[in-house]
Each structure stands twice: as structure tokens, then as C-alpha cells.
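Below is one structure, written out as C-alpha cells, with a few remarks after it.
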Amino acid sequence: MKNQLSDEAVALGEAVDDTLAAAGGVDLTRRAEADPAARAALIGPLLEELGLWEIEPLADQVQLEAAAAACRAAGRHVLAYPIAERFAAPEGSEGLLLVPSTGRRVAPHADLGLSWSAVELTGLQRPVLSTGGSLHTKLGSFAGEVQVGEACGTLERETALLITLQMWWLLGVLERAGADTLTYVKEREQFGRTLAKFQSVQFTLTDLTVAAQSLAELAKYTLWSLAQDDHEPVWLTDALSLRLSGLEAADAVMRRAHQLHGAMGFADETNVSWYSRISQPVRRLPAGLSQTEAAVVESMGTDRFTNLFTPLPSAVRPEGALAH
């Protein structure tokens, strides 16, 4: 695998980072929450000027890495805009929504009036019949309800791309949350010394950092795998596995970031509250941790997944085994 992004991708990521920082950074999302429908006009032109929508992530590895770097940079500012969804758009659509397979269908950024297509975690494609406005809840300011039609095919590679880029966005969020937490514990004093000098705090910072760095390595592997044509059977399995790791890392990082910030970490005056809150739709929709685990197992069980124990052991319970 290739574990370093290309120079072109790194340069684009830095350009996106600089542009968003100059425009206000996290404050862009604060402003957007006051009027969610206006964020297309608030944020869209910034990304348009950078030429992001000229990138074709599935055309070659350099463009794929460039899209990932842009999503990571957007995550560092917890950008409330469907950057991953637009990069993954199939032909004829402006964006791709990841929706639940059953029940009420809600998706991040579905409140924006784009020409959407929709897919489930399995890659099953459904036409989008209509979308609703913002849910206007504390965790759903930038999410909307989706009405879909009958299944009309599969988009496995596009689904894998969307999941992968969403996790690159989440990686940026977690890296920024970790960096802000480190700055805070170096400045905050208790009992005559900074929090960073307490051993228990150092252990907590280590756990937080390892979680984010581990996700970064797996994200690079998944990106490389998605660029390999001969990996077609495992594109979706790799992406789902990355999502599972991303959800676990998010729980580890945000829980510790809140812990070290104390009560103020839940106040919107601090950025860590926004990292936690605005990342919730991506972390919960279309499936949380346990449902994503089930999706990974189901995908692995299609006899397409190459592993140390191929073929996978039969899922049939041995005779006499206890039922749980």
C-alpha cells in the first residue's frame, strides 16, 4: 500500500485548510446553524473557487487522494457542507446520500436542495423522490429527511467512496479535537501546575492520539485499496471496516476531549462542543456502531473477502451448540 498522500493532494488539503481558516473556520458552521439553508451560498462558493468539483476521485489515485485531503481539511473546521457527498456523486447527480435501509430515512445534508441520489450501506441504489428541510434539532441542524423509491441498481464503488471520504472528514474533526485538547491542557492550571503535567492526563492524551493516528493509517490503506481495480470484491468491505474504526475512534477521542475540558467542553463557546455535536449525523447515520459491525460481518460473509482464514468459517451453528 501507499501510506503517504501525493504532493498534489497535500497541497490541495493545505489550500482548503487555509481558505476555510481565512473565512472563519469553525465560525462558518456557527453562522450556518443560525440559517442552515443559507450554508450552500455561504460555503459553496469557497469550495467552488478552489476547483474542487473538477476532481474526479475514481479516475486515478492522485485525484482520489486529493478528494480525501480536501475532506480531511474540511473536517478540521467541522465544515457543515456535503463535501464527501458531492465528491461521490454518480453521473447525473450533484450528490450521493447514504440512507438507512428501513424505517425513517434521514441523512446528513439532505436538507440542501441538490440533485441527489441515494444508496444504502450495501451499495443498493434508490432514486430520491424528495427531501425535507433541516430537522432543526441540536444534533440535526444539518440533516434532513429523505423519501426514496424502489431499488434501481447498485453503486458499490461510489458507496465505498462516500463512506471512505466521510471517514476522512471525520478524521480531520478528530485530529483537530485532539490538537485543541492538547493546547487546553497545556494552558489550564490546577493545583499550581498545568493539567498536562499530571500523569493521568498524559495517559488520556496518549489514548486520544493513538485512536486518531490508527484511524489515519487505516484511512490511507482504504484509500489505496479503493484505487486498485483488482480489489473490486473488497471495496465495500474495506470501506465499511474503515467506518467501524472511525466510529470507535470518534467515541474514544471525543469522550476524552470532553473529559479533559470538563463541563465547558459541552458549552458551544468552546470548539470541542461543535466537533462533537456536528459530527453526530455522520457517526449515527445511516447506522451506529452495532449496526455497522453487522454490516461488516455481512459483507465479509459474501465469500468475497480475502483474509487469513479464507474461506470464512460457516455461520451455521454446530449441532449441540448453545443458543444465545
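Residues in the C-alpha cells are numbered from 1 in each chain, the chains being A, B, ... in the order shown, and ligands are numbered from 1 in the order shown.
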
Report task. Would you mind writing down, as a PyMOL selection string, each residue of region 16-256 of chain A that DSSP on the backbone assigns to strand (DSSP E or B)? Result -> chain A and resi 95-98+106-108+116-119+124-134+143-148+154+189-190+193-194

Export C-alpha atoms of the chosen residues as a compact mmCIF listing (two decimals), in the first residue's frame?
# COMPACT_ATOMS: atom_id res chain seq x y z
CA GLY A 95 -24.50 14.44 -4.55
CA LEU A 96 -24.89 10.99 -3.04
CA LEU A 97 -26.74 10.36 0.21
CA LEU A 98 -26.14 7.37 2.48
CA VAL A 106 -32.60 10.77 7.47
CA ALA A 107 -29.22 11.71 6.00
CA PRO A 108 -26.58 14.39 6.64
CA TRP A 116 -29.43 13.79 -5.01
CA SER A 117 -29.06 10.06 -5.50
CA ALA A 118 -29.21 7.67 -2.54
CA VAL A 119 -27.52 4.42 -1.56
CA LEU A 124 -28.09 -0.66 -3.21
CA GLN A 125 -29.15 2.45 -5.14
CA ARG A 126 -32.50 4.16 -4.72
CA PRO A 127 -33.88 7.23 -6.51
CA VAL A 128 -34.52 10.25 -4.29
CA LEU A 129 -38.13 11.32 -4.64
CA SER A 130 -37.98 14.28 -2.26
CA THR A 131 -36.02 15.75 0.64
CA GLY A 132 -37.09 17.83 3.60
CA GLY A 133 -35.59 20.85 5.29
CA SER A 134 -33.33 20.90 8.32
CA ALA A 143 -29.61 16.76 8.37
CA GLY A 144 -32.87 16.21 6.53
CA GLU A 145 -35.46 13.57 5.82
CA VAL A 146 -35.31 11.67 2.53
CA GLN A 147 -38.07 9.95 0.58
CA VAL A 148 -36.74 7.26 -1.76
CA THR A 154 -26.12 -0.96 -7.23
CA GLU A 189 -3.70 25.18 35.58
CA GLN A 190 -4.89 23.29 38.63
CA ARG A 193 0.61 23.32 37.62
CA THR A 194 -0.79 22.77 34.15

Selection near Ala160 (chain A), 10 Å with only C-alpha atoms, sequence-local residues under 3 positions removed, as a JSON list (two decimals) with C-alpha atoms, in the first residue's frame:
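This is the output file around.json:
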[["chain", "number", "residue", "atom", "x", "y", "z"],
["A", 88, "ALA", "CA", -19.07, 10.67, -4.54],
["A", 121, "LEU", "CA", -24.62, 0.59, 3.16],
["A", 122, "THR", "CA", -24.88, -2.46, 0.89],
["A", 123, "GLY", "CA", -24.44, -0.31, -2.21],
["A", 155, "LEU", "CA", -23.33, 1.58, -6.81],
["A", 156, "GLU", "CA", -20.80, -0.34, -4.75],
["A", 157, "ARG", "CA", -17.71, 1.66, -5.66],
["A", 163, "ILE", "CA", -18.09, 6.05, 3.21],
["A", 164, "THR", "CA", -14.32, 6.43, 2.86],
["A", 165, "LEU", "CA", -14.44, 10.20, 2.28],
["A", 166, "GLN", "CA", -16.87, 10.69, 5.17],
["A", 222, "THR", "CA", -8.67, 2.03, 2.43],
["A", 223, "LEU", "CA", -7.94, 4.86, 0.03],
["A", 226, "LEU", "CA", -10.24, 1.75, -3.45],
["A", 234, "VAL", "CA", -13.47, -5.92, -1.22],
["A", 235, "TRP", "CA", -14.00, -2.20, -1.89],
["A", 236, "LEU", "CA", -17.18, -2.09, 0.14],
["A", 237, "THR", "CA", -15.91, -4.38, 2.90],
["A", 238, "ASP", "CA", -12.80, -2.23, 3.32],
["A", 239, "ALA", "CA", -14.89, 0.96, 3.44],
["A", 240, "LEU", "CA", -17.32, -0.48, 5.99],
["A", 242, "LEU", "CA", -13.00, 1.90, 7.98],
["A", 243, "ARG", "CA", -16.36, 3.28, 9.08]]

Query - Near-Trp224 (chain A) list (7 Å; only C-alpha atoms; drop same-chain fewer than 3 positions) as a VMD selection string - result: chain A and resid 1 to 2 220 to 221 227 to 228

Please write the residues from the selection above to a file, keeping C-alpha atoms, as a PDB file, in the first residue's frame.
ATOM      1  CA  MET A   1       0.000   0.000   0.000  1.00  0.00           C
ATOM      2  CA  LYS A   2       0.937   3.648  -0.355  1.00  0.00           C
ATOM      3  CA  LYS A 220      -4.799   5.582   3.948  1.00  0.00           C
ATOM      4  CA  TYR A 221      -4.997   1.841   3.385  1.00  0.00           C
ATOM      5  CA  ALA A 227      -7.818   2.856  -6.172  1.00  0.00           C
ATOM      6  CA  GLN A 228      -6.899  -0.746  -7.059  1.00  0.00           C
TER       7      GLN A 228
END

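Non-sequential neighbours of Ile83 (chain A) (distance at most 8 Å, separation of 2 or more positions within a chain, only C-alpha atoms) are Cys71, Ala74, Tyr81, Glu85, Arg86 and Phe87 of chain A.
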
Could you save those same residues with N, CA and C atoms as a compact mmCIF listing (two decimals), in the first residue's frame?
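File produced: part_18.txt:
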# COMPACT_ATOMS: atom_id res chain seq x y z
N CYS A 71 -11.39 16.60 2.10
CA CYS A 71 -12.36 16.23 3.14
C CYS A 71 -11.73 16.31 4.53
N ALA A 74 -11.52 19.91 5.48
CA ALA A 74 -12.86 20.40 5.84
C ALA A 74 -13.25 19.93 7.23
N TYR A 81 -20.93 21.03 5.37
CA TYR A 81 -21.23 21.06 3.94
C TYR A 81 -20.95 19.68 3.37
N GLU A 85 -20.13 13.92 0.06
CA GLU A 85 -21.31 13.53 -0.72
C GLU A 85 -21.23 14.04 -2.16
N ARG A 86 -20.66 15.22 -2.35
CA ARG A 86 -20.55 15.76 -3.70
C ARG A 86 -19.43 15.07 -4.48
N PHE A 87 -18.33 14.76 -3.82
CA PHE A 87 -17.25 14.03 -4.50
C PHE A 87 -17.72 12.66 -4.98

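Across the structure, CA of Val16 (chain A) and CA of Arg256 (chain A) are spaced 27.7 Å apart.
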
Report task. Using only C-alpha atoms, find the one residue out of A:Gly25, A:Pro45, A:Pro90, A:Pro100 that sits nearest to Pro57 (chain A). Result -> A:Pro90

So which residues touch region 263-272 of chain A within 9 Å, counting only C-alpha atoms, skipping near sequence neighbours fewer than 5 positions away, as an mmCIF file with N, CA and C atoms, in the first residue's frame?
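And here is the file that came out, result.cif:
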data_model
loop_
_atom_site.group_PDB
_atom_site.id
_atom_site.type_symbol
_atom_site.label_atom_id
_atom_site.label_comp_id
_atom_site.auth_asym_id
_atom_site.auth_seq_id
_atom_site.Cartn_x
_atom_site.Cartn_y
_atom_site.Cartn_z
ATOM 1 N N VAL A 26 -14.304 27.294 12.228
ATOM 2 C CA VAL A 26 -15.482 26.732 12.898
ATOM 3 C C VAL A 26 -16.620 27.751 12.956
ATOM 4 N N ARG A 176 -8.369 17.617 14.878
ATOM 5 C CA ARG A 176 -8.493 18.982 15.402
ATOM 6 C C ARG A 176 -8.947 18.965 16.857
ATOM 7 N N ALA A 177 -9.860 18.066 17.201
ATOM 8 C CA ALA A 177 -10.307 17.948 18.592
ATOM 9 C C ALA A 177 -9.141 17.580 19.495
ATOM 10 N N ASP A 180 -6.767 20.692 19.811
ATOM 11 C CA ASP A 180 -7.338 21.708 20.701
ATOM 12 C C ASP A 180 -7.289 21.261 22.158
ATOM 13 N N THR A 181 -7.502 19.972 22.388
ATOM 14 C CA THR A 181 -7.454 19.454 23.757
ATOM 15 C C THR A 181 -6.042 19.537 24.307
ATOM 16 N N MET A 254 -13.572 11.852 21.296
ATOM 17 C CA MET A 254 -14.480 12.870 21.799
ATOM 18 C C MET A 254 -14.782 12.677 23.280
ATOM 19 N N ALA A 257 -11.769 14.061 24.996
ATOM 20 C CA ALA A 257 -11.696 15.516 24.827
ATOM 21 C C ALA A 257 -12.680 16.213 25.756
ATOM 22 N N HIS A 258 -13.897 15.686 25.847
ATOM 23 C CA HIS A 258 -14.880 16.246 26.780
ATOM 24 C C HIS A 258 -14.401 16.095 28.220
ATOM 25 N N ARG A 277 -20.760 17.670 18.423
ATOM 26 C CA ARG A 277 -22.175 17.760 18.051
ATOM 27 C C ARG A 277 -22.387 17.666 16.541
#

Requested in this report: Go through A:Pro82, A:Pro286, A:Gly149, A:Gly24 one by one, measure the shortest atom-to-atom distance of each to Gly44 (chain A) using only C-alpha atoms, and give the residue with the smallest value.
Outcome: A:Pro82
